[in-house]
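Novice: See target.cif below, with mmCIF, C-alpha atoms.
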```cif
data_my_file
loop_
_atom_site.label_atom_id
_atom_site.label_comp_id
_atom_site.auth_asym_id
_atom_site.auth_seq_id
_atom_site.Cartn_x
_atom_site.Cartn_y
_atom_site.Cartn_z
CA MET A 20 -70.00 178.05 179.66
CA ALA A 21 -69.88 174.60 177.98
CA ARG A 22 -72.64 172.26 179.05
CA ALA A 23 -71.85 169.09 180.97
CA THR A 24 -72.95 165.96 179.15
CA GLY A 25 -73.17 162.34 180.08
CA ILE A 26 -74.72 158.95 179.45
CA LEU A 27 -78.43 158.90 180.26
CA ALA A 28 -79.46 155.42 179.10
CA THR A 29 -78.08 152.37 177.33
CA ASN A 30 -79.30 149.18 175.74
CA MET A 31 -77.75 146.37 173.76
CA ALA A 32 -78.86 143.85 171.16
CA LEU A 33 -77.43 140.43 170.39
CA PRO A 34 -78.19 137.99 167.59
CA GLU A 35 -80.16 134.97 168.67
CA ARG A 36 -77.77 132.34 167.36
CA THR A 37 -74.77 131.14 169.39
CA LEU A 38 -71.73 129.51 167.81
CA THR A 39 -70.75 127.27 170.68
CA TYR A 40 -67.47 126.05 172.08
CA GLU A 41 -68.55 122.48 171.27
CA GLU A 42 -69.21 123.33 167.62
CA LEU A 43 -65.76 124.84 167.34
CA GLU A 44 -64.21 121.80 169.00
CA GLU A 45 -65.67 119.80 166.11
CA ARG A 46 -64.21 122.25 163.62
CA PHE A 47 -60.77 122.94 165.09
CA GLY A 48 -60.16 120.15 167.62
CA ARG A 49 -60.40 119.90 171.39
CA GLU A 50 -56.79 120.81 172.10
CA ALA A 51 -56.89 123.91 169.90
CA MET A 52 -60.11 125.18 171.48
CA ALA A 53 -58.82 124.53 175.00
CA LYS A 54 -55.86 126.76 174.17
CA VAL A 55 -58.09 129.43 172.68
CA PHE A 56 -60.30 129.49 175.75
CA ALA A 57 -57.31 129.65 178.07
CA GLY A 58 -55.87 132.50 176.04
CA SER A 59 -59.02 134.51 175.49
CA GLY A 60 -61.67 133.60 178.05
CA ILE A 61 -64.18 133.29 175.21
CA ARG A 62 -66.32 130.17 175.26
CA ASN A 63 -69.32 131.02 173.08
CA ARG A 64 -70.07 133.81 170.67
CA ARG A 65 -73.25 135.29 169.15
CA VAL A 66 -73.37 135.19 165.38
CA ALA A 67 -75.75 137.15 163.16
CA GLU A 68 -77.68 135.44 160.38
CA PRO A 69 -76.32 136.05 156.85
CA ASP A 70 -79.11 138.54 156.09
CA THR A 71 -78.62 140.56 159.26
CA CYS A 72 -76.53 143.72 159.22
CA GLY A 73 -74.99 145.58 162.12
CA SER A 74 -77.57 148.29 161.51
CA ASP A 75 -80.38 145.77 162.10
CA LEU A 76 -78.97 144.92 165.50
CA ALA A 77 -78.38 148.61 166.25
CA TYR A 78 -81.99 149.33 165.27
CA GLN A 79 -83.16 146.73 167.80
CA ALA A 80 -81.06 148.30 170.53
CA ALA A 81 -82.22 151.82 169.63
CA ILE A 82 -85.92 151.07 169.32
CA GLY A 83 -85.80 149.18 172.61
CA LEU A 84 -84.22 152.18 174.32
CA LEU A 85 -86.64 154.71 172.81
CA HIS A 86 -89.70 152.61 173.66
CA HIS A 87 -88.60 151.66 177.18
CA HIS A 88 -87.97 155.25 178.15
CA ARG A 89 -90.85 156.66 176.06
CA ILE A 90 -88.49 158.99 174.23
CA ASP A 91 -89.93 161.07 171.42
CA PRO A 92 -87.77 160.39 168.34
CA ASN A 93 -88.17 164.08 167.46
CA SER A 94 -86.16 164.96 170.57
CA ILE A 95 -83.03 163.35 169.07
CA ASP A 96 -81.01 165.85 167.05
CA LEU A 97 -77.80 163.84 166.62
CA LEU A 98 -77.44 160.21 165.55
CA LEU A 99 -73.97 158.66 165.41
CA PHE A 100 -73.75 155.12 164.07
CA CYS A 101 -70.48 153.37 164.87
CA THR A 102 -69.72 150.54 162.49
CA GLN A 103 -67.05 148.95 160.34
CA SER A 104 -69.66 146.80 158.60
CA PRO A 105 -71.96 149.37 156.98
CA ASP A 106 -75.04 148.46 154.95
CA TYR A 107 -73.44 150.10 151.90
CA LEU A 108 -70.23 151.96 151.12
CA LEU A 109 -72.53 154.84 150.26
CA PRO A 110 -74.76 156.31 151.66
CA THR A 111 -73.78 156.45 155.31
CA THR A 112 -75.80 153.90 157.26
CA ALA A 113 -76.78 156.46 159.90
CA CYS A 114 -79.09 158.03 157.32
CA ILE A 115 -80.79 154.68 156.75
CA LEU A 116 -81.26 154.31 160.50
CA HIS A 117 -82.62 157.87 160.56
CA GLU A 118 -85.47 156.72 158.33
CA ARG A 119 -86.08 153.46 160.23
CA LEU A 120 -86.21 155.21 163.60
CA GLY A 121 -88.47 158.00 162.34
CA LEU A 122 -86.12 160.77 163.45
CA SER A 123 -86.61 164.45 162.77
CA LYS A 124 -85.28 166.05 159.60
CA HIS A 125 -83.42 168.42 161.94
CA CYS A 126 -81.29 165.55 163.20
CA ALA A 127 -77.64 165.29 162.11
CA CYS A 128 -76.67 161.73 161.21
CA PHE A 129 -73.32 160.23 160.28
CA ASP A 130 -71.23 157.10 160.72
CA ILE A 131 -68.03 156.75 162.68
CA ASN A 132 -65.89 153.83 161.55
CA LEU A 133 -63.08 153.08 163.97
CA GLY A 134 -63.71 149.52 165.11
CA CYS A 135 -62.84 148.80 168.69
CA THR A 136 -62.45 152.47 169.67
CA GLN A 137 -65.41 153.89 167.74
CA TYR A 138 -67.74 154.06 170.75
CA ILE A 139 -65.56 156.29 172.88
CA TYR A 140 -64.64 158.41 169.88
CA ALA A 141 -68.36 158.81 169.19
CA LEU A 142 -69.04 159.75 172.80
CA SER A 143 -66.37 162.47 172.49
CA VAL A 144 -68.08 163.77 169.34
CA ALA A 145 -71.53 163.72 170.96
CA HIS A 146 -70.16 165.43 174.05
CA SER A 147 -68.41 168.10 171.99
CA MET A 148 -71.43 168.84 169.80
CA ILE A 149 -73.80 169.09 172.76
CA ALA A 150 -71.36 171.10 174.86
CA ALA A 151 -70.92 173.53 171.95
CA GLY A 152 -74.66 173.89 171.50
CA VAL A 153 -74.73 172.20 168.08
CA ALA A 154 -76.98 169.44 169.42
CA ASN A 155 -79.02 168.71 172.52
CA ARG A 156 -79.65 164.99 172.66
CA ALA A 157 -77.62 162.30 170.90
CA LEU A 158 -78.26 158.68 170.13
CA VAL A 159 -74.93 156.86 169.82
CA LEU A 160 -75.41 153.46 168.22
CA THR A 161 -72.91 150.71 167.59
CA GLY A 162 -73.43 147.65 165.43
CA ASP A 163 -71.17 145.22 163.59
CA THR A 164 -71.34 141.79 162.00
CA MET A 165 -67.62 141.09 161.83
CA THR A 166 -68.23 137.34 161.86
CA ARG A 167 -69.39 137.71 158.27
CA ILE A 168 -65.89 138.70 157.12
CA VAL A 169 -63.96 136.15 159.18
CA HIS A 170 -63.03 133.04 157.19
CA PRO A 171 -64.76 130.00 158.77
CA LEU A 172 -61.45 128.13 158.86
CA ASP A 173 -59.44 130.93 160.49
CA ARG A 174 -58.75 129.38 163.89
CA ALA A 175 -57.11 132.60 165.06
CA LEU A 176 -60.26 134.69 164.64
CA VAL A 177 -63.40 132.52 164.46
CA PRO A 178 -63.30 131.65 168.17
CA LEU A 179 -62.77 135.28 169.15
CA MET A 180 -65.24 137.33 167.15
CA GLY A 181 -68.90 137.87 167.92
CA ASP A 182 -71.67 140.16 166.66
CA GLY A 183 -73.59 142.68 168.71
CA ALA A 184 -74.94 146.20 168.94
CA SER A 185 -75.76 148.91 171.43
CA ALA A 186 -77.65 152.14 171.89
CA THR A 187 -76.64 154.99 174.17
CA LEU A 188 -78.53 158.18 174.90
CA VAL A 189 -76.23 161.15 175.57
CA GLY A 190 -77.51 164.44 176.91
CA GLU A 191 -77.03 167.26 179.34
CA VAL A 192 -76.24 166.40 182.96
CA PRO A 193 -75.66 168.50 186.10
CA GLU A 194 -72.41 170.46 186.21
CA GLY A 195 -69.45 168.44 187.43
CA GLN A 196 -71.04 165.16 186.36
CA GLY A 197 -70.85 163.14 183.16
CA PHE A 198 -67.79 163.18 180.92
CA LEU A 199 -64.81 164.70 182.73
CA ALA A 200 -62.09 164.04 180.14
CA PHE A 201 -61.27 162.22 176.92
CA GLU A 202 -57.92 160.89 175.76
CA LEU A 203 -57.74 159.92 172.08
CA GLY A 204 -54.76 158.65 170.14
CA THR A 205 -53.53 157.04 166.94
CA ASP A 206 -50.54 155.12 165.65
CA GLY A 207 -51.09 154.75 161.93
CA SER A 208 -47.80 152.91 161.47
CA GLY A 209 -49.63 149.81 162.69
CA TYR A 210 -52.66 150.05 160.37
CA HIS A 211 -51.75 146.80 158.62
CA TYR A 212 -51.89 144.72 161.80
CA LEU A 213 -55.70 144.60 161.79
CA MET A 214 -57.41 145.06 158.49
CA LEU A 215 -59.69 143.85 155.73
CA PRO A 216 -57.27 144.18 152.82
CA ALA A 217 -59.56 143.88 149.77
CA GLY A 218 -62.91 145.37 148.89
CA GLY A 219 -62.11 149.05 149.18
CA PHE A 220 -60.81 151.44 146.58
CA ARG A 221 -57.10 150.72 147.27
CA MET A 222 -57.53 146.99 146.51
CA PRO A 223 -60.88 146.20 144.87
CA ALA A 224 -62.21 142.68 145.27
CA THR A 225 -61.15 140.35 142.43
CA PRO A 226 -60.91 136.58 141.92
CA GLU A 227 -57.26 136.92 142.99
CA THR A 228 -58.15 138.60 146.29
CA ALA A 229 -60.66 135.82 146.94
CA ARG A 230 -57.91 133.19 146.74
CA GLU A 231 -57.62 131.34 150.07
CA VAL A 232 -54.19 130.95 151.62
CA ALA A 233 -53.01 129.17 154.76
CA ASP A 234 -50.70 131.04 157.13
CA ARG A 235 -47.88 129.27 158.97
CA GLU A 236 -50.25 128.19 161.73
CA GLY A 237 -52.68 126.69 159.21
CA ASN A 238 -55.30 129.45 159.51
CA ILE A 239 -57.14 129.89 156.21
CA ARG A 240 -58.14 133.29 154.87
CA SER A 241 -58.20 135.40 151.73
CA GLN A 242 -57.61 139.09 151.31
CA GLN A 243 -61.39 139.48 151.49
CA ASN A 244 -61.35 138.23 155.08
CA LEU A 245 -60.45 139.99 158.29
CA TYR A 246 -56.77 139.71 159.18
CA MET A 247 -55.24 140.31 162.59
CA ASN A 248 -51.61 140.01 163.68
CA GLY A 249 -52.43 138.83 167.20
CA ALA A 250 -48.95 139.30 168.65
CA ALA A 251 -48.68 142.84 167.29
CA ILE A 252 -52.12 143.87 168.54
CA PHE A 253 -51.45 142.32 171.93
CA HIS A 254 -48.13 144.12 172.19
CA PHE A 255 -49.77 147.37 171.11
CA ALA A 256 -52.46 147.05 173.77
CA ILE A 257 -50.12 146.31 176.67
CA SER A 258 -47.86 149.18 175.55
CA VAL A 259 -50.53 151.84 175.02
CA VAL A 260 -53.22 151.15 177.60
CA PRO A 261 -51.25 151.66 180.83
CA PRO A 262 -49.78 155.08 179.92
CA THR A 263 -53.16 156.22 178.57
CA VAL A 264 -54.86 155.32 181.84
CA GLU A 265 -52.12 157.05 183.79
CA ARG A 266 -52.30 160.13 181.59
CA ILE A 267 -56.05 160.64 181.78
CA LEU A 268 -56.08 160.09 185.53
CA ALA A 269 -53.18 162.53 185.96
CA ARG A 270 -55.07 165.19 183.98
CA LEU A 271 -57.87 164.92 186.54
CA SER A 272 -55.50 164.60 189.52
CA LEU A 273 -56.93 161.15 190.18
CA ARG A 274 -55.34 157.85 191.10
CA VAL A 275 -56.44 154.29 190.39
CA GLU A 276 -57.84 154.21 193.94
CA ASP A 277 -60.17 157.11 193.12
CA VAL A 278 -61.92 155.26 190.30
CA ASP A 279 -64.87 153.03 191.18
CA LEU A 280 -65.08 151.02 187.97
CA PHE A 281 -62.72 150.38 185.06
CA LEU A 282 -64.35 149.18 181.86
CA PHE A 283 -62.08 147.86 179.14
CA HIS A 284 -62.75 147.00 175.52
CA GLN A 285 -63.48 143.27 175.83
CA ALA A 286 -60.83 142.00 173.44
CA ASN A 287 -59.31 139.06 175.26
CA LYS A 288 -59.50 138.12 178.95
CA TYR A 289 -55.87 137.04 179.19
CA MET A 290 -54.85 140.51 178.00
CA LEU A 291 -57.29 142.23 180.34
CA ASP A 292 -56.08 140.22 183.34
CA TYR A 293 -52.52 141.31 182.55
CA LEU A 294 -53.53 144.95 182.13
CA LEU A 295 -55.27 144.90 185.51
CA ARG A 296 -52.11 143.49 187.06
CA LYS A 297 -49.89 146.01 185.35
CA LEU A 298 -52.05 148.95 186.41
CA GLY A 299 -52.57 147.71 189.95
CA ILE A 300 -56.34 147.57 189.48
CA PRO A 301 -58.05 145.00 191.71
CA PRO A 302 -60.30 142.66 189.70
CA SER A 303 -63.21 143.77 191.89
CA LYS A 304 -62.99 147.18 190.17
CA THR A 305 -63.67 145.90 186.69
CA HIS A 306 -66.42 144.00 184.88
CA PHE A 307 -66.19 141.34 182.22
CA TYR A 308 -68.68 140.62 179.49
CA ILE A 309 -66.97 138.35 177.01
CA GLU A 310 -67.24 134.65 177.83
CA ASP A 311 -70.54 133.99 176.09
CA VAL A 312 -70.67 136.81 173.55
CA GLY A 313 -67.11 137.04 172.19
CA ASN A 314 -65.20 140.09 171.06
CA CYS A 315 -67.93 142.23 169.47
CA SER A 316 -65.48 144.79 168.13
CA GLY A 317 -66.74 148.36 168.54
CA SER A 318 -69.75 147.24 170.55
CA THR A 319 -67.86 145.58 173.40
CA THR A 320 -67.35 148.78 175.39
CA PRO A 321 -71.01 149.86 175.47
CA MET A 322 -72.01 146.23 176.00
CA VAL A 323 -69.80 145.77 179.05
CA LEU A 324 -71.05 149.16 180.30
CA THR A 325 -74.67 148.04 179.85
CA ASP A 326 -74.07 144.68 181.52
CA ALA A 327 -72.31 146.37 184.45
CA TRP A 328 -75.20 148.82 184.79
CA ARG A 329 -77.73 145.95 184.75
CA ALA A 330 -75.68 144.30 187.49
CA GLY A 331 -76.08 147.39 189.65
CA ARG A 332 -72.45 148.40 189.40
CA LEU A 333 -73.07 151.99 188.35
CA GLN A 334 -74.43 154.40 190.91
CA PRO A 335 -74.77 158.20 190.81
CA GLY A 336 -71.47 159.77 191.74
CA ASN A 337 -69.35 156.76 190.73
CA ARG A 338 -66.16 157.57 188.83
CA VAL A 339 -65.91 155.32 185.80
CA LEU A 340 -63.00 154.95 183.38
CA MET A 341 -63.67 153.40 180.00
CA ILE A 342 -60.84 152.55 177.63
CA ALA A 343 -60.73 150.94 174.20
CA PHE A 344 -57.94 150.13 171.75
CA GLY A 345 -57.57 148.45 168.40
CA VAL A 346 -57.91 148.98 164.69
CA GLY A 347 -56.06 151.91 163.13
CA LEU A 348 -54.21 151.53 165.40
CA SER A 349 -56.16 153.73 167.75
CA TRP A 350 -57.05 154.14 171.38
CA ALA A 351 -59.54 156.13 173.41
CA ALA A 352 -60.31 156.63 177.05
CA THR A 353 -62.83 158.65 179.01
CA VAL A 354 -63.50 159.26 182.67
CA LEU A 355 -67.07 159.93 183.75
CA ARG A 356 -68.82 160.85 186.95
CA TRP A 357 -72.01 158.78 186.75
CA PRO A 358 -74.80 161.36 186.63
CA GLU A 359 -77.83 161.69 188.90
CA ASN A 360 -80.29 162.26 186.07
CA THR A 361 -79.93 159.01 184.13
CA LEU A 362 -83.09 157.46 182.72
CA GLY A 363 -81.72 154.00 183.44
CA VAL A 364 -80.45 150.95 181.61
CA VAL A 365 -82.92 148.99 179.51
CA PRO A 366 -83.43 145.53 181.08
CA ALA A 367 -82.17 142.47 179.26
CA GLN A 368 -84.45 140.81 176.75
CA GLU A 369 -83.96 137.14 176.07
CA HIS A 370 -85.13 137.18 172.46
CA LEU A 371 -84.91 139.86 169.88
CA PRO A 372 -86.93 139.71 166.67
CA GLY A 373 -85.05 139.60 163.40
CA PRO A 374 -84.78 142.40 160.84
CA GLU A 375 -88.01 144.17 159.84
CA MET B 13 -33.50 137.88 185.92
CA THR B 14 -30.67 135.79 184.54
CA THR B 15 -30.55 134.13 181.16
CA THR B 16 -31.08 130.78 182.86
CA ASP B 17 -34.19 132.13 184.63
CA PHE B 18 -35.53 133.47 181.36
CA ILE B 19 -35.02 130.16 179.58
CA THR B 20 -36.80 128.41 182.46
CA GLU B 21 -39.76 130.76 182.08
CA ILE B 22 -39.93 130.09 178.34
CA ALA B 23 -39.74 126.35 179.01
CA ASP B 24 -42.65 126.75 181.41
CA ILE B 25 -44.67 128.53 178.73
CA LEU B 26 -43.96 125.65 176.35
CA GLY B 27 -44.68 122.99 178.96
CA MET B 28 -41.22 121.53 178.57
CA PRO B 29 -38.44 120.69 181.08
CA ALA B 30 -36.05 123.63 181.32
CA HIS B 31 -32.98 121.48 180.62
CA THR B 32 -34.35 120.59 177.16
CA LEU B 33 -34.13 124.20 175.97
CA THR B 34 -30.90 125.84 174.87
CA PRO B 35 -30.22 129.07 173.00
CA GLU B 36 -29.81 126.98 169.86
CA THR B 37 -33.25 125.35 170.19
CA ASP B 38 -35.28 125.68 167.00
CA LEU B 39 -38.54 127.15 168.31
CA THR B 40 -40.34 126.64 165.01
CA ALA B 41 -39.96 122.87 165.46
CA ILE B 42 -41.89 122.94 168.76
CA PRO B 43 -45.67 122.55 168.23
CA ALA B 44 -46.40 124.46 171.45
CA TRP B 45 -44.55 127.51 170.09
CA ASP B 46 -47.75 129.04 168.70
CA SER B 47 -49.62 132.33 168.92
CA VAL B 48 -50.65 131.60 172.52
CA ALA B 49 -47.01 131.04 173.48
CA TRP B 50 -46.07 134.26 171.72
CA LEU B 51 -48.53 136.23 173.85
CA SER B 52 -47.29 134.60 177.04
CA SER B 53 -43.72 135.43 176.03
CA LEU B 54 -44.62 139.06 175.35
CA VAL B 55 -46.17 139.27 178.83
CA LEU B 56 -43.05 137.69 180.34
CA ILE B 57 -40.79 140.18 178.58
CA ASP B 58 -43.01 143.14 179.46
CA GLU B 59 -43.80 142.19 183.05
CA LYS B 60 -40.57 140.60 184.28
CA LEU B 61 -38.01 142.47 182.18
CA GLY B 62 -39.81 145.74 181.44
CA ALA B 63 -38.39 145.44 177.95
CA ALA B 64 -39.91 147.01 174.84
CA VAL B 65 -39.39 144.58 171.97
CA ARG B 66 -41.01 144.53 168.57
CA PRO B 67 -43.63 141.74 168.62
CA GLU B 68 -42.12 140.16 165.50
CA MET B 69 -38.92 139.58 167.52
CA VAL B 70 -41.01 136.96 169.34
CA SER B 71 -43.45 135.75 166.69
CA GLY B 72 -40.73 135.71 164.03
CA ALA B 73 -38.03 134.12 166.20
CA ARG B 74 -36.49 130.98 164.74
CA THR B 75 -34.30 130.03 167.70
CA LEU B 76 -34.40 130.88 171.38
CA GLN B 77 -31.19 132.84 170.78
CA ASP B 78 -33.15 135.25 168.56
CA ILE B 79 -35.29 136.19 171.56
CA LEU B 80 -32.37 136.23 173.98
CA GLN B 81 -30.60 138.73 171.73
CA ALA B 82 -33.65 141.00 171.76
CA VAL B 83 -33.77 141.08 175.59
CA ALA B 84 -30.04 140.70 176.36
CA HIS B 85 -29.80 144.28 177.63
CA LYS B 86 -32.36 143.47 180.33
CA LEU B 87 -30.86 140.19 181.53
CA GLU B 88 -28.35 139.95 184.33
CA SER B 89 -24.98 138.78 183.15
#
```
Please express what this file holds, its structure, as structure tokens.
Specialist:
Amino acid sequence: MARATGILATNMALPERTLTYEELEERFGREAMAKVFAGSGIRNRRVAEPDTCGSDLAYQAAIGLLHHHRIDPNSIDLLLFCTQSPDYLLPTTACILHERLGLSKHCACFDINLGCTQYIYALSVAHSMIAAGVANRALVLTGDTMTRIVHPLDRALVPLMGDGASATLVGEVPEGQGFLAFELGTDGSGYHYLMLPAGGFRMPATPETAREVADREGNIRSQQNLYMNGAAIFHFAISVVPPTVERILARLSLRVEDVDLFLFHQANKYMLDYLLRKLGIPPSKTHFYIEDVGNCSGSTTPMVLTDAWRAGRLQPGNRVLMIAFGVGLSWAATVLRWPENTLGVVPAQEHLPGPE
Amino acid sequence: MTTTDFITEIADILGMPAHTLTPETDLTAIPAWDSVAWLSSLVLIDEKLGAAVRPEMVSGARTLQDILQAVAHKLES
């Protein structure tokens, strides 16, 4: 019989520096920033230093989790690093983290690169590998520095994006607890709505791809900067999220009323408020963690989970639904029964040291 | 929702008096017709009309008539 698995511990790591609302008022104007805040709910965002990689932040989150819970690194036999901002195109950054964390040579390590949905996808992989007996204890890390690929004069994206990382310990839990279902999906026809066009093998970086262009709203970017069609992504989210929530709940014969906490990918508060309305979810049944950290891409889901846990919102037996959506285009949802045997969330630390 | 109601809602999104908007209004000439207005319009269309429209029908609209045509099947005559 397949083993039940669940989340046993989490931690997160944020860069020290904050790019403030006031700084962006200077850059883009008061009226523009007032609109951005009204439309996104993001006031401040954490920004990594130029020499900090997503893996550095993930390392901080991971080492904090291992030390706090006195976990022997040799007990980890699966490391998944979720990132769209790897240290190198090759080798996979998970192997670099393997060395930094002092993990066993019997540990499987690989990256998962799916932006906003990568965390839940990675949880499904960890769950599947443990349930099948391929692994016993997984460390699922997320870490991105997307602010480094956003053009500083792109008013559409600078105010939204932030940097951050997380660490999650996944392991066996009592039967009937932990992950109850996963719902994963893709619509590749929309891949071009959220992308970094140049720098890969399809379009290598050249002086031409570095040429800066203004779009019709005056946002500046080159093909070597992150691009997002906001209207298309918004439309995608409000079209895909409600049926996905309904589908995963129906599979478990659950209703919205049966779920104790809904955790959404923290993309944009205006969107999330609308999704709550559309799904009939009372605001008291969700948690936000976006105003002072921004949209941290693939780390937002574990970060909002960690913040909710620190706020005492996760208790053994709680039914939790997590859902994420974004680049690809892709989406992922999971429903969990919060397990009894968690080790606990790592408390917040005000200051994290820089890279080693 | 009637066409008049819909135009009133769009005017509200743009912060303009409803009587100043007509189907022939050039949206691209209105500074408030920006990405924030597009998102609000998509919510209006989704929530109040239950209509599935391609997002570029809103973000790429030149006149109000372009949007009205996209949602005509959901408006009361």
Novice: Which neighbours of Leu39 (chain B) fall inside 10 Å, counting all atoms listed in the file, when residues of the same chain fewer than 4 positions from it are skipped, and could you give them as a list in words?
Specialist: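 In the requested format, the answer is Leu26, Leu33, Pro35, Pro43, Ala44, Trp45, Asp46, Gly72, Ala73, Arg74, Thr75, Leu76, Gln77 and Asp78 of chain B.
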Novice: Just so the selection is clear, what residues does the PyMOL selection byres ((chain A and resi 301-311) around 6) cover here, as a VMD selection string?
Specialist: chain A and resid 60 to 64 280 to 282 300 312 to 313 323
Novice: Kindly indicate which residue among B:Ile79, B:Glu88, B:Glu68, B:Thr20 lies nearest to chain A, using all atoms listed in the file for the distances.
Specialist: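 Nearest candidate to chain A out of B:Ile79, B:Glu88, B:Glu68, B:Thr20: B:Glu68.
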Novice: Residues of chain A within 12 Å of chain B, using all atoms listed in the file, as a count of residues only?
Specialist: 44
Novice: So how many Å separate CA of Leu97 (chain A) and CA of Arg65 (chain A), to one decimal?
Specialist: 29.0 Å
Novice: Mind giving me the straight-line distance from CA of Ala286 (chain A) to CA of Leu215 (chain A) in Å, one decimal?
Specialist: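 Result for CA of Ala286 (chain A) versus CA of Leu215 (chain A): 17.8 Å, one decimal.
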Novice: Residues near Ala28 (chain A), anyone? I mean within 9 Å using all atoms listed in the file, not counting same-chain ones fewer than 3 positions away, as a PyMOL selection string.
Specialist: chain A and resi 84+88+186-189+325+361-365
Novice: Quick check, in Å to one decimal: how far apart do CA of Val159 (chain A) and CA of Leu98 (chain A) lie?
Specialist: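 CA of Leu98 (chain A) lies at a distance of 6.0 Å from CA of Val159 (chain A).
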Novice: List as a list in words the protein and nucleic acid residues near Pro226 (chain A), meaning an atom at most 12 Å away when all atoms listed in the file are counted, but skip any in the same chain fewer than 5 places from it.
Specialist: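 In the requested form, the answer reads Ala217, Gly218, Glu231, Ser241, Gln242 and Gln243 of chain A.
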Novice: Go ahead and write the residues just picked, C-alpha atoms, as a PDB file, keeping the file's coordinate frame.
Specialist:
```pdb
ATOM      1  CA  ALA A 217     -59.560 143.880 149.770  1.00  0.00           C
ATOM      2  CA  GLY A 218     -62.910 145.370 148.890  1.00  0.00           C
ATOM      3  CA  GLU A 231     -57.620 131.340 150.070  1.00  0.00           C
ATOM      4  CA  SER A 241     -58.200 135.400 151.730  1.00  0.00           C
ATOM      5  CA  GLN A 242     -57.610 139.090 151.310  1.00  0.00           C
ATOM      6  CA  GLN A 243     -61.390 139.480 151.490  1.00  0.00           C
TER       7      GLN A 243
END
```
